[in-house]
>>> print(open('model-v4.cif').read())   # mmCIF, C-alpha atoms
data_upload
#
loop_
_atom_site.group_PDB
_atom_site.id
_atom_site.type_symbol
_atom_site.label_atom_id
_atom_site.label_comp_id
_atom_site.auth_asym_id
_atom_site.auth_seq_id
_atom_site.Cartn_x
_atom_site.Cartn_y
_atom_site.Cartn_z
ATOM 1 C CA MET A 1 16.478 -5.873 -14.446
ATOM 2 C CA THR A 2 15.572 -3.842 -11.354
ATOM 3 C CA ALA A 3 13.694 -5.796 -8.717
ATOM 4 C CA PHE A 4 10.143 -4.582 -8.258
ATOM 5 C CA ALA A 5 10.464 -2.057 -11.098
ATOM 6 C CA PRO A 6 7.399 0.215 -10.914
ATOM 7 C CA HIS A 7 6.559 0.081 -14.627
ATOM 8 C CA GLN A 8 6.546 -3.720 -14.538
ATOM 9 C CA LEU A 9 4.390 -3.790 -11.417
ATOM 10 C CA ARG A 10 1.921 -1.464 -13.115
ATOM 11 C CA GLN A 11 1.842 -3.719 -16.170
ATOM 12 C CA THR A 12 0.976 -6.669 -13.942
ATOM 13 C CA VAL A 13 -1.810 -4.625 -12.349
ATOM 14 C CA LEU A 14 -3.215 -3.791 -15.785
ATOM 15 C CA LYS A 15 -3.123 -7.453 -16.820
ATOM 16 C CA MET A 16 -5.054 -8.418 -13.696
ATOM 17 C CA ALA A 17 -7.595 -5.625 -14.043
ATOM 18 C CA TYR A 18 -8.211 -6.373 -17.713
ATOM 19 C CA SER A 19 -8.384 -10.130 -17.254
ATOM 20 C CA GLY A 20 -10.790 -9.838 -14.329
ATOM 21 C CA SER A 21 -12.735 -6.896 -15.794
ATOM 22 C CA THR A 22 -12.436 -5.190 -12.452
ATOM 23 C CA VAL A 23 -11.808 -1.809 -10.868
ATOM 24 C CA HIS A 24 -9.498 0.037 -8.414
ATOM 25 C CA ILE A 25 -6.659 0.634 -10.881
ATOM 26 C CA GLY A 26 -6.033 4.257 -9.884
ATOM 27 C CA CYS A 27 -5.707 3.517 -6.177
ATOM 28 C CA ALA A 28 -3.349 0.601 -6.876
ATOM 29 C CA PHE A 29 -1.130 2.740 -9.114
ATOM 30 C CA SER A 30 -0.688 5.440 -6.461
ATOM 31 C CA ILE A 31 1.054 3.007 -4.052
ATOM 32 C CA ILE A 32 3.285 1.198 -6.557
ATOM 33 C CA GLU A 33 6.518 2.965 -5.570
ATOM 34 C CA ILE A 34 5.701 2.562 -1.872
ATOM 35 C CA MET A 35 5.253 -1.172 -2.386
ATOM 36 C CA SER A 36 8.361 -1.373 -4.560
ATOM 37 C CA VAL A 37 10.636 0.229 -1.959
ATOM 38 C CA LEU A 38 9.211 -1.815 0.897
ATOM 39 C CA TYR A 39 9.576 -5.160 -0.864
ATOM 40 C CA ARG A 40 12.966 -4.338 -2.367
ATOM 41 C CA ASN A 41 14.704 -2.829 0.660
ATOM 42 C CA HIS A 42 12.805 -3.175 3.907
ATOM 43 C CA LEU A 43 10.477 -6.132 4.357
ATOM 44 C CA ARG A 44 12.292 -9.090 5.881
ATOM 45 C CA TYR A 45 11.112 -12.657 5.354
ATOM 46 C CA PRO A 46 13.546 -15.143 6.937
ATOM 47 C CA GLY A 47 14.154 -18.005 4.533
ATOM 48 C CA ASP A 48 12.022 -16.117 1.974
ATOM 49 C CA ASN A 49 9.067 -17.584 3.834
ATOM 50 C CA PRO A 50 5.954 -15.370 3.883
ATOM 51 C CA ALA A 51 4.799 -17.163 7.041
ATOM 52 C CA ALA A 52 8.121 -16.965 8.912
ATOM 53 C CA ALA A 53 7.491 -16.337 12.606
ATOM 54 C CA LEU A 54 9.869 -13.366 12.742
ATOM 55 C CA ARG A 55 8.855 -11.743 9.451
ATOM 56 C CA ASP A 56 8.069 -8.081 9.158
ATOM 57 C CA TYR A 57 4.414 -7.278 8.609
ATOM 58 C CA LEU A 58 2.899 -5.339 5.730
ATOM 59 C CA VAL A 59 -0.677 -4.369 6.493
ATOM 60 C CA LEU A 60 -2.562 -2.983 3.505
ATOM 61 C CA SER A 61 -5.306 -1.157 5.347
ATOM 62 C CA LYS A 62 -6.517 0.458 2.097
ATOM 63 C CA GLY A 63 -7.328 -3.023 0.888
ATOM 64 C CA HIS A 64 -8.834 -1.896 -2.415
ATOM 65 C CA GLY A 65 -5.280 -1.203 -3.656
ATOM 66 C CA VAL A 66 -4.412 -4.879 -3.341
ATOM 67 C CA MET A 67 -3.486 -5.388 -7.000
ATOM 68 C CA ALA A 68 -0.286 -3.449 -6.265
ATOM 69 C CA GLN A 69 0.573 -5.963 -3.554
ATOM 70 C CA TYR A 70 -0.401 -8.930 -5.710
ATOM 71 C CA ALA A 71 2.032 -7.662 -8.360
ATOM 72 C CA CYS A 72 4.818 -7.737 -5.753
ATOM 73 C CA LEU A 73 3.818 -11.190 -4.505
ATOM 74 C CA TYR A 74 3.928 -12.364 -8.115
ATOM 75 C CA GLU A 75 7.472 -11.034 -8.489
ATOM 76 C CA LYS A 76 8.445 -12.902 -5.322
ATOM 77 C CA ASN A 77 7.032 -16.072 -6.913
ATOM 78 C CA TRP A 78 4.485 -16.429 -4.130
ATOM 79 C CA LEU A 79 1.764 -16.051 -6.748
ATOM 80 C CA THR A 80 1.784 -17.781 -10.132
ATOM 81 C CA THR A 81 1.071 -16.595 -13.659
ATOM 82 C CA THR A 82 -2.161 -18.583 -13.462
ATOM 83 C CA ASP A 83 -3.133 -16.618 -10.345
ATOM 84 C CA ILE A 84 -2.592 -13.348 -12.191
ATOM 85 C CA GLU A 85 -4.438 -14.469 -15.328
ATOM 86 C CA ASN A 86 -7.413 -15.683 -13.276
ATOM 87 C CA TYR A 87 -7.647 -12.628 -11.025
ATOM 88 C CA PHE A 88 -11.212 -11.987 -9.850
ATOM 89 C CA LYS A 89 -12.610 -14.881 -11.877
ATOM 90 C CA ASP A 90 -14.712 -17.755 -10.594
ATOM 91 C CA GLY A 91 -12.584 -20.005 -8.421
ATOM 92 C CA SER A 92 -9.718 -17.519 -8.065
ATOM 93 C CA LYS A 93 -8.177 -17.067 -4.646
ATOM 94 C CA LEU A 94 -7.381 -13.450 -5.520
ATOM 95 C CA LYS A 95 -10.221 -11.143 -4.597
ATOM 96 C CA GLY A 96 -10.571 -7.416 -5.186
ATOM 97 C CA LEU A 97 -9.700 -6.611 -1.578
ATOM 98 C CA SER A 98 -6.833 -7.774 0.629
ATOM 99 C CA ASP A 99 -7.540 -11.227 2.061
ATOM 100 C CA ALA A 100 -5.476 -12.892 4.782
ATOM 101 C CA HIS A 101 -6.056 -16.276 3.118
ATOM 102 C CA VAL A 102 -3.707 -15.210 0.301
ATOM 103 C CA VAL A 103 -0.059 -15.999 0.986
ATOM 104 C CA GLY A 104 1.795 -12.788 1.820
ATOM 105 C CA CYS A 105 -1.315 -10.797 2.787
ATOM 106 C CA GLU A 106 -1.453 -10.169 6.516
ATOM 107 C CA VAL A 107 -4.993 -8.831 6.886
ATOM 108 C CA THR A 108 -8.435 -9.008 5.390
ATOM 109 C CA SER A 109 -9.210 -5.378 4.713
ATOM 110 C CA GLY A 110 -11.197 -3.120 2.459
ATOM 111 C CA SER A 111 -13.758 -2.164 5.044
ATOM 112 C CA LEU A 112 -11.809 0.992 5.707
ATOM 113 C CA GLY A 113 -10.544 2.034 9.108
ATOM 114 C CA HIS A 114 -9.794 -1.407 10.515
ATOM 115 C CA GLY A 115 -6.469 -2.552 9.049
ATOM 116 C CA LEU A 116 -4.388 -0.061 11.004
ATOM 117 C CA SER A 117 -5.793 -1.351 14.290
ATOM 118 C CA VAL A 118 -4.704 -4.867 13.325
ATOM 119 C CA GLY A 119 -1.269 -3.538 12.435
ATOM 120 C CA VAL A 120 -0.968 -1.773 15.770
ATOM 121 C CA GLY A 121 -1.756 -5.089 17.449
ATOM 122 C CA MET A 122 0.962 -6.817 15.435
ATOM 123 C CA ALA A 123 3.478 -4.135 16.371
ATOM 124 C CA LEU A 124 2.519 -4.452 20.037
ATOM 125 C CA ALA A 125 2.878 -8.251 19.915
ATOM 126 C CA ALA A 126 6.362 -7.892 18.422
ATOM 127 C CA LYS A 127 7.300 -5.511 21.231
ATOM 128 C CA LEU A 128 5.963 -7.879 23.878
ATOM 129 C CA ASN A 129 7.956 -10.713 22.284
ATOM 130 C CA ASN A 130 11.126 -8.583 22.328
ATOM 131 C CA SER A 131 11.575 -9.143 18.599
ATOM 132 C CA ASP A 132 12.957 -6.640 16.104
ATOM 133 C CA GLN A 133 9.994 -7.014 13.738
ATOM 134 C CA TYR A 134 8.488 -3.979 12.056
ATOM 135 C CA CYS A 135 4.913 -3.416 11.023
ATOM 136 C CA TYR A 136 4.326 -1.204 7.985
ATOM 137 C CA ALA A 137 0.727 -0.095 7.501
ATOM 138 C CA ILE A 138 -0.340 1.519 4.229
ATOM 139 C CA VAL A 139 -3.472 3.607 4.652
ATOM 140 C CA GLY A 140 -5.432 5.939 2.394
ATOM 141 C CA ASP A 141 -5.934 9.652 2.973
ATOM 142 C CA GLY A 142 -9.679 9.151 2.572
ATOM 143 C CA GLU A 143 -9.447 6.320 5.092
ATOM 144 C CA MET A 144 -8.095 8.824 7.612
ATOM 145 C CA ASN A 145 -11.700 10.068 7.935
ATOM 146 C CA GLU A 146 -12.505 6.978 10.005
ATOM 147 C CA GLY A 147 -12.541 7.468 13.765
ATOM 148 C CA THR A 148 -10.945 4.069 14.385
ATOM 149 C CA MET A 149 -7.797 5.323 12.665
ATOM 150 C CA TRP A 150 -7.267 7.971 15.299
ATOM 151 C CA GLU A 151 -8.013 5.543 18.130
ATOM 152 C CA ALA A 152 -5.295 3.269 16.765
ATOM 153 C CA ILE A 153 -2.904 6.212 16.431
ATOM 154 C CA LEU A 154 -3.516 7.253 20.042
ATOM 155 C CA PHE A 155 -2.949 3.678 21.230
ATOM 156 C CA ALA A 156 0.265 3.327 19.227
ATOM 157 C CA LYS A 157 1.745 6.386 20.934
ATOM 158 C CA GLN A 158 0.593 5.240 24.382
ATOM 159 C CA GLN A 159 2.316 1.875 23.844
ATOM 160 C CA THR A 160 5.538 3.458 22.470
ATOM 161 C CA LEU A 161 5.350 1.442 19.256
ATOM 162 C CA ASP A 162 8.420 2.756 17.453
ATOM 163 C CA ASN A 163 8.346 -0.425 15.355
ATOM 164 C CA LEU A 164 5.173 0.815 13.628
ATOM 165 C CA VAL A 165 5.454 2.787 10.384
ATOM 166 C CA VAL A 166 2.196 4.208 9.025
ATOM 167 C CA ILE A 167 2.434 5.236 5.360
ATOM 168 C CA VAL A 168 -0.385 7.483 4.177
ATOM 169 C CA ASP A 169 -1.131 7.315 0.457
ATOM 170 C CA GLU A 170 -2.143 10.963 0.126
ATOM 171 C CA ASN A 171 -3.397 11.006 -3.462
ATOM 172 C CA GLY A 172 -6.060 13.612 -2.777
ATOM 173 C CA PHE A 173 -9.046 11.476 -3.744
ATOM 174 C CA GLN A 174 -11.430 8.961 -2.277
ATOM 175 C CA ALA A 175 -14.176 7.011 -3.980
ATOM 176 C CA MET A 176 -16.720 9.810 -4.098
ATOM 177 C CA GLY A 177 -14.526 12.850 -4.664
ATOM 178 C CA LYS A 178 -11.587 14.933 -3.499
ATOM 179 C CA THR A 179 -10.628 14.256 0.097
ATOM 180 C CA HIS A 180 -10.571 17.915 1.109
ATOM 181 C CA GLU A 181 -14.112 18.345 -0.207
ATOM 182 C CA VAL A 182 -15.538 15.184 1.389
ATOM 183 C CA LEU A 183 -13.938 15.774 4.797
ATOM 184 C CA GLY A 184 -10.881 17.997 4.946
ATOM 185 C CA LEU A 185 -8.233 16.937 7.456
ATOM 186 C CA GLY A 186 -5.702 19.677 6.800
ATOM 187 C CA ASN A 187 -2.005 18.914 7.151
ATOM 188 C CA LEU A 188 -1.644 15.217 7.990
ATOM 189 C CA LYS A 189 2.052 15.511 8.862
ATOM 190 C CA ASP A 190 1.195 18.114 11.510
ATOM 191 C CA LYS A 191 -1.655 15.956 12.807
ATOM 192 C CA PHE A 192 0.532 12.862 13.198
ATOM 193 C CA THR A 193 3.173 14.969 14.935
ATOM 194 C CA ALA A 194 0.537 16.339 17.303
ATOM 195 C CA PHE A 195 -0.459 12.760 18.125
ATOM 196 C CA GLY A 196 3.127 11.922 19.124
ATOM 197 C CA PHE A 197 4.457 10.366 15.912
ATOM 198 C CA ASP A 198 7.731 11.096 14.169
ATOM 199 C CA ALA A 199 6.438 12.151 10.748
ATOM 200 C CA ILE A 200 8.027 12.917 7.380
ATOM 201 C CA ALA A 201 6.290 14.100 4.199
ATOM 202 C CA VAL A 202 7.770 12.944 0.871
ATOM 203 C CA ASP A 203 7.013 12.556 -2.821
ATOM 204 C CA GLY A 204 5.387 9.141 -2.812
ATOM 205 C CA HIS A 205 6.715 8.314 -6.285
ATOM 206 C CA ASP A 206 10.353 9.185 -5.484
ATOM 207 C CA GLU A 207 11.834 5.845 -4.522
ATOM 208 C CA THR A 208 15.024 7.354 -3.106
ATOM 209 C CA ALA A 209 13.071 9.805 -0.942
ATOM 210 C CA LEU A 210 10.830 7.019 0.321
ATOM 211 C CA ASP A 211 13.790 4.809 1.122
ATOM 212 C CA ASN A 212 15.651 7.604 2.915
ATOM 213 C CA ALA A 213 12.569 8.477 4.970
ATOM 214 C CA LEU A 214 12.119 4.867 6.047
ATOM 215 C CA VAL A 215 15.783 4.559 7.043
ATOM 216 C CA GLU A 216 15.723 7.843 8.966
ATOM 217 C CA LEU A 217 12.575 6.973 10.893
ATOM 218 C CA LYS A 218 13.632 3.427 11.720
ATOM 219 C CA ASN A 219 17.019 4.617 12.988
ATOM 220 C CA ASN A 220 15.274 6.869 15.501
ATOM 221 C CA LYS A 221 14.391 4.382 18.233
ATOM 222 C CA ASN A 222 12.911 6.939 20.610
ATOM 223 C CA GLY A 223 9.627 5.253 21.503
ATOM 224 C CA ASN A 224 7.566 7.272 19.042
ATOM 225 C CA PRO A 225 5.612 5.496 16.321
ATOM 226 C CA LYS A 226 6.450 6.635 12.788
ATOM 227 C CA ALA A 227 4.508 8.077 9.876
ATOM 228 C CA ILE A 228 5.280 8.911 6.270
ATOM 229 C CA ILE A 229 2.881 11.176 4.408
ATOM 230 C CA ALA A 230 3.424 10.117 0.803
ATOM 231 C CA HIS A 231 2.173 12.711 -1.669
ATOM 232 C CA THR A 232 1.017 10.620 -4.611
ATOM 233 C CA VAL A 233 -0.941 10.840 -7.854
ATOM 234 C CA LYS A 234 -3.967 8.619 -8.252
ATOM 235 C CA GLY A 235 -3.524 6.641 -11.464
ATOM 236 C CA LYS A 236 0.211 7.458 -11.613
ATOM 237 C CA GLY A 237 2.020 6.064 -14.632
ATOM 238 C CA VAL A 238 -0.702 6.191 -17.277
ATOM 239 C CA SER A 239 -1.427 9.697 -18.557
ATOM 240 C CA PHE A 240 -5.179 9.351 -19.052
ATOM 241 C CA MET A 241 -5.621 7.876 -15.575
ATOM 242 C CA GLU A 242 -3.583 10.383 -13.589
ATOM 243 C CA ASN A 243 -5.723 12.487 -11.239
ATOM 244 C CA GLU A 244 -8.832 11.135 -12.938
ATOM 245 C CA ASN A 245 -10.951 9.815 -10.098
ATOM 246 C CA SER A 246 -13.227 8.023 -12.569
ATOM 247 C CA TRP A 247 -10.523 5.332 -12.667
ATOM 248 C CA HIS A 248 -11.463 4.348 -9.152
ATOM 249 C CA TYR A 249 -14.330 2.396 -10.706
ATOM 250 C CA THR A 250 -13.737 2.381 -14.483
ATOM 251 C CA ARG A 251 -12.988 -0.941 -16.161
ATOM 252 C CA LEU A 252 -10.516 -1.416 -18.990
ATOM 253 C CA ASN A 253 -11.593 -2.299 -22.498
ATOM 254 C CA GLN A 254 -9.291 -3.544 -25.252
ATOM 255 C CA ASP A 255 -8.441 -0.007 -26.420
ATOM 256 C CA THR A 256 -7.665 1.474 -23.017
ATOM 257 C CA PHE A 257 -5.716 -1.635 -22.002
ATOM 258 C CA ASP A 258 -3.560 -1.422 -25.123
ATOM 259 C CA LEU A 259 -2.999 2.317 -24.696
ATOM 260 C CA ALA A 260 -2.017 1.947 -21.038
ATOM 261 C CA MET A 261 0.322 -0.978 -21.687
ATOM 262 C CA ALA A 262 1.981 0.942 -24.545
ATOM 263 C CA GLU A 263 2.686 3.911 -22.245
ATOM 264 C CA LEU A 264 4.319 1.641 -19.662
ATOM 265 C CA GLU A 265 6.480 -0.063 -22.291
ATOM 266 C CA GLN A 266 8.131 3.192 -23.387
#
>>> encode(input="model-v4.cif", output="structure tokens")
Amino acid sequence: MTAFAPHQLRQTVLKMAYSGSTVHIGCAFSIIEIMSVLYRNHLRYPGDNPAAALRDYLVLSKGHGVMAQYACLYEKNWLTTTDIENYFKDGSKLKGLSDAHVVGCEVTSGSLGHGLSVGVGMALAAKLNNSDQYCYAIVGDGEMNEGTMWEAILFAKQQTLDNLVVIVDENGFQAMGKTHEVLGLGNLKDKFTAFGFDAIAVDGHDETALDNALVELKNNKNGNPKAIIAHTVKGKGVSFMENENSWHYTRLNQDTFDLAMAELEQ
């Protein structure tokens, strides 16, 4: 069995969303392959300890996609089956947004535009400590509307944080509509390059392409922070959710849960 197999991660997300009668399925599905590649091949946790002093950092700035990360933490056995079954219920430690009190989650996020700044601080601290730690920050393309994102990007370049990798989940939607209609930002790869980043655009569901991009960027220790623009599909993996922005807030019922699980079992 492949570690962090995307179809299994998506099934875990569905189980959480159905059990907790909660939302944000589409925006979790769009980052599944990104999470899979990071946890399988890149994130380092000495002694398999999520609190190891010299661990790499994964900052989920688009905190509403946290079910994708919870699915990975479950596969690492840092979360239990009981945690998954009780997602979003009274007494559960697993909330609908990333929370630093949960083992394996580095930041409390969900108020968009702030997680990246925390990640930049982590990357700077690693540099000042002369460690080889990396900070990977997953952000949303709608989140890129926030002014604090660009302040953090400017600071990262000024501080030569080539141990920072920003991964933009460019699924083309945000809560209230298509990103280019709400506030068009044009070509994000060109923008990151203009701000002094080494940037690569890839298919965000192609695990090999994602892995190769991460390796290429990390091998280029030239002082420039790094960015991957991951072209993704909101709701990827379940046909009736793909590119349907209603699944940002739609809850599963028994029928849609069964249909979605059946698709992922094929």
>>> resolve_selection(input="model-v4.cif", expression="the PyMOL selection byres ((chain A and resi 200-203) around 6)", output="PyMOL selection string")
chain A and resi 199+204-206+228-231
>>> closest_residue(input="model-v4.cif", among="A:Ser246, A:Gln11, A:Ser36, A:Thr22", to="Met176 of chain A", atoms="only C-alpha atoms")
A:Ser246
>>> atom_distance(input="model-v4.cif", atom1="atom CA of Lys127 of chain A", atom2="atom CA of Thr208 of chain A")
28.6 Å
>>> residues_near_point(input="model-v4.cif", point="(-4.8, 4.5, -3.9)", cutoff="9 Å", atoms="all atoms listed in the file", output="VMD selection string")
chain A and resid 24 to 31 62 64 to 65 139 to 141 169 to 171 173 to 174 232 to 235 248
>>> closest_residue(input="model-v4.cif", among="A:Met16, A:Leu210, A:Ala51, A:Ala5", to="Leu252 of chain A", atoms="all atoms listed in the file")
A:Met16
>>> resolve_selection(input="model-v4.cif", expression="the PyMOL selection byres ((chain A and resi 215) around 12)", output="list in words")
Val37, Leu38, Asn41, His42, Val165, Ile200, Thr208, Ala209, Leu210, Asp211, Asn212, Ala213, Leu214, Glu216, Leu217, Lys218, Asn219, Asn220, Lys221, Lys226 and Ile228 of chain A
>>> atom_distance(input="model-v4.cif", atom1="atom CA of His180 of chain A", atom2="atom CA of Asn243 of chain A")
14.3 Å
>>> residues_near_point(input="model-v4.cif", point="(4.9, -11.5, -13.0)", cutoff="8 Å", atoms="all atoms listed in the file", output="PyMOL selection string")
chain A and resi 9+12+71+74-75+77+80-81+84
>>> resolve_selection(input="model-v4.cif", expression="the PyMOL selection byres ((chain A and resi 35) around 9)", output="list in words")
Phe4, Pro6, Ile31, Ile32, Glu33, Ile34, Ser36, Val37, Leu38, Tyr39, Arg40, Ala68, Gln69 and Cys72 of chain A
>>> axis_aligned_box(input="model-v4.cif", around="segment 86-96 of chain A", padding_each_side="4 Å", output="JSON")
{"center_x": -11.0, "center_y": -13.7, "center_z": -8.9, "size_x": 15.3, "size_y": 20.6, "size_z": 16.7}
>>> closest_residue(input="model-v4.cif", among="A:Leu128, A:Ala262, A:Leu183, A:Leu161", to="Gly142 of chain A", atoms="only C-alpha atoms")
A:Leu183
>>> atom_distance(input="model-v4.cif", atom1="atom CA of Tyr136 of chain A", atom2="atom CA of Gly119 of chain A")
7.5 Å
>>> residues_around(input="model-v4.cif", residues="segment 44-47 of chain A", least_positions_apart="3", cutoff="9 Å", atoms="only C-alpha atoms", output="MDAnalysis selection string")
chainID A and resid 39 41 50:57 133:134
>>> residues_around(input="model-v4.cif", residues="segment 145-151 of chain A", least_positions_apart="2", cutoff="8 Å", atoms="only C-alpha atoms", output="PDB file with C-alpha atoms, in the coordinates of the input")
ATOM      1  CA  LEU A 112     -11.809   0.992   5.707  1.00  0.00           C
ATOM      2  CA  GLY A 113     -10.544   2.034   9.108  1.00  0.00           C
ATOM      3  CA  HIS A 114      -9.794  -1.407  10.515  1.00  0.00           C
ATOM      4  CA  LEU A 116      -4.388  -0.061  11.004  1.00  0.00           C
ATOM      5  CA  SER A 117      -5.793  -1.351  14.290  1.00  0.00           C
ATOM      6  CA  ASP A 141      -5.934   9.652   2.973  1.00  0.00           C
ATOM      7  CA  GLY A 142      -9.679   9.151   2.572  1.00  0.00           C
ATOM      8  CA  GLU A 143      -9.447   6.320   5.092  1.00  0.00           C
ATOM      9  CA  ILE A 153      -2.904   6.212  16.431  1.00  0.00           C
ATOM     10  CA  LEU A 154      -3.516   7.253  20.042  1.00  0.00           C
ATOM     11  CA  PHE A 155      -2.949   3.678  21.230  1.00  0.00           C
ATOM     12  CA  LEU A 183     -13.938  15.774   4.797  1.00  0.00           C
ATOM     13  CA  LEU A 185      -8.233  16.937   7.456  1.00  0.00           C
TER      14      LEU A 185
END
>>> closest_residue(input="model-v4.cif", among="A:Lys191, A:Thr108, A:Asn86, A:Val66", to="Ser19 of chain A", atoms="only C-alpha atoms")
A:Asn86
>>> closest_residue(input="model-v4.cif", among="A:Gly223, A:Gln159, A:Asp255, A:Met144", to="Val182 of chain A", atoms="all atoms listed in the file")
A:Met144
>>> closest_residue(input="model-v4.cif", among="A:Gln266, A:Ser109, A:Ser61, A:Asn187", to="Gly237 of chain A", atoms="only C-alpha atoms")
A:Gln266
>>> decode(input="model-v4.cif", residues="segment 13-53 of chain A", atoms="C-alpha atoms", output="CSV table (one decimal), in the first residue's frame")
chain,number,residue,atom,x,y,z
A,13,VAL,CA,-11.6,13.5,4.8
A,14,LEU,CA,-15.1,12.3,3.7
A,15,LYS,CA,-15.5,10.3,6.9
A,16,MET,CA,-14.6,13.3,9.0
A,17,ALA,CA,-16.8,15.7,7.1
A,18,TYR,CA,-19.8,13.3,7.3
A,19,SER,CA,-19.3,12.4,10.9
A,20,GLY,CA,-19.0,16.0,11.9
A,21,SER,CA,-21.6,17.3,9.5
A,22,THR,CA,-19.2,20.0,8.5
A,23,VAL,CA,-17.9,21.9,5.5
A,24,HIS,CA,-14.7,22.7,3.5
A,25,ILE,CA,-14.5,19.5,1.6
A,26,GLY,CA,-13.6,21.0,-1.8
A,27,CYS,CA,-10.7,23.1,-0.4
A,28,ALA,CA,-9.3,20.1,1.4
A,29,PHE,CA,-9.5,17.9,-1.7
A,30,SER,CA,-7.5,20.4,-3.8
A,31,ILE,CA,-4.4,20.1,-1.6
A,32,ILE,CA,-4.4,16.3,-1.0
A,33,GLU,CA,-1.6,15.5,-3.5
A,34,ILE,CA,0.5,18.5,-2.1
A,35,MET,CA,0.1,17.1,1.4
A,36,SER,CA,0.8,13.5,0.2
A,37,VAL,CA,4.1,14.4,-1.5
A,38,LEU,CA,5.2,16.6,1.5
A,39,TYR,CA,4.5,14.0,4.1
A,40,ARG,CA,5.8,11.1,2.0
A,41,ASN,CA,9.1,12.6,0.7
A,42,HIS,CA,10.0,15.9,2.2
A,43,LEU,CA,8.9,16.6,5.8
A,44,ARG,CA,11.5,15.5,8.3
A,45,TYR,CA,10.6,14.6,11.9
A,46,PRO,CA,13.6,13.3,13.8
A,47,GLY,CA,12.6,10.2,15.8
A,48,ASP,CA,9.1,10.5,14.2
A,49,ASN,CA,8.5,13.1,16.8
A,50,PRO,CA,6.1,15.9,15.7
A,51,ALA,CA,7.6,18.2,18.3
A,52,ALA,CA,11.3,17.5,17.5
A,53,ALA,CA,13.4,20.6,17.8
